[in-house]
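Report on the following structure.
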Amino acid sequence: MRTLELLLMAMLFAATFWLLWLRRRPRRGRLVPAGVYRDQWTRFRYVNRLSFAVFLVNPLSWFFIDHLKPAGTTVGIFLIAWLLCLTASTFAVSLFRCPRCNQRFFSTLSLSRRYCFHCGLELYEGA
């Protein structure tokens with residue numbers, strides 16, 4: 001029973017990494033013609049929601065850990081795996097490139113910016 005639950009948690013974290021890198025990345029160095037931003041904003045929305053879902057996994061995992069009462073090393077492994085997933089997904093959001101100018105949309109560490117730092121394209125404009 002315990003190994004099944006550990007396997008399910010491991011599959012959850014593996015699925016997060018798999019879903020994060022499943023999408024095709026746009027080519028670097030090319031400008032996107034005006035009005036063709038839908039695919040880029042869809043990818044951004046997907047990665048952003050995945051990052052938020054990974055963030056919400058932690059409270060749910062603590063409920064299961066409290067219910068199962070695993071050993072201390074298992075809890076540490078889960079915490080490290082969650083931190084790695086959260087770091088990877090947040091990193092993918094921060095590396096999103098602007099559909100208009102193809103520069104990084106979030107040029108600073110502020111992920112709450114509503115427009116491109118370089119060309120002024122607003123978030124989800126032209127979607």
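We label chains A, B, ... in the order they appear in the structure tokens, count residues from 1 in each chain, and number ligands from 1 in the order shown.
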All residues 9 Å or closer to Val57 (chain A), only C-alpha atoms, same chain fewer than 5 positions away omitted, as a PyMOL selection string: chain A and resi 52+62+82
Could you take the residues named above and write them with C-alpha atoms, as a short mmCIF file (atom, residue, chain, number, x, y, z; two decimals), in the first residue's frame?
```
data_model
loop_
_atom_site.label_atom_id
_atom_site.label_comp_id
_atom_site.auth_asym_id
_atom_site.auth_seq_id
_atom_site.Cartn_x
_atom_site.Cartn_y
_atom_site.Cartn_z
CA PHE A 52 0.38 27.61 -10.46
CA TRP A 62 1.14 17.59 3.05
CA TRP A 82 8.33 19.70 -5.29
#
```
Near-Arg114 (chain A) list (10 Å; only C-alpha atoms; drop same-chain fewer than 5 positions) as a list of chain:residue names: A:Phe105, A:Phe106, A:Gly120, A:Leu121, A:Glu122, A:Leu123, A:Tyr124
Residues within 10 Å of Ser107 (chain A), only C-alpha atoms, excluding chain neighbours under 4 positions, as an MDAnalysis selection string: chainID A and resid 94:97 103 111 113 116:118
Shortest interatomic distance to Phe91 (chain A) - which of A:Ile65, A:Glu5, A:Gly72, A:Asn48, counting only C-alpha atoms: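 Answer, going by the shortest atom-to-atom distance: A:Asn48.
The protein and nucleic acid residues lying at most 12 Å from Thr74 (chain A) are Arg2, Thr3, Glu5, Leu6, Leu7, Met9, Ala10, Ser61, Trp62, Ile65, Asp66, Leu68, Ile80 and Ala81 of chain A, with only C-alpha atoms considered and sequence neighbours fewer than 6 positions away removed.
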Residue with smallest distance to Leu8 (chain A) - pool A:Cys119, A:Arg43, A:Gly76, A:Phe64, counting only C-alpha atoms: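 Nearest candidate to Leu8 (chain A) out of A:Cys119, A:Arg43, A:Gly76, A:Phe64: A:Phe64.
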Between CA of Gln40 (chain A) and CA of Pro99 (chain A) - distance in Å to one decimal: 6.3 Å
Between CA of Trp41 (chain A) and CA of Cys98 (chain A), distance in Å (one decimal):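 According to the coordinates, CA of Trp41 (chain A) and CA of Cys98 (chain A) are separated by 9.1 Å.
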Atom pair CA of Arg100 (chain A) / CA of Ser51 (chain A): separation (Å):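 Atom-to-atom, CA of Arg100 (chain A) to CA of Ser51 (chain A), that is 23.5 Å.
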Proximity to Leu50 (chain A) - best of A:Ala14, A:Leu83, A:Val36, A:Ala92, only C-alpha atoms: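 Selected residue with least distance to Leu50 (chain A): A:Ala92.
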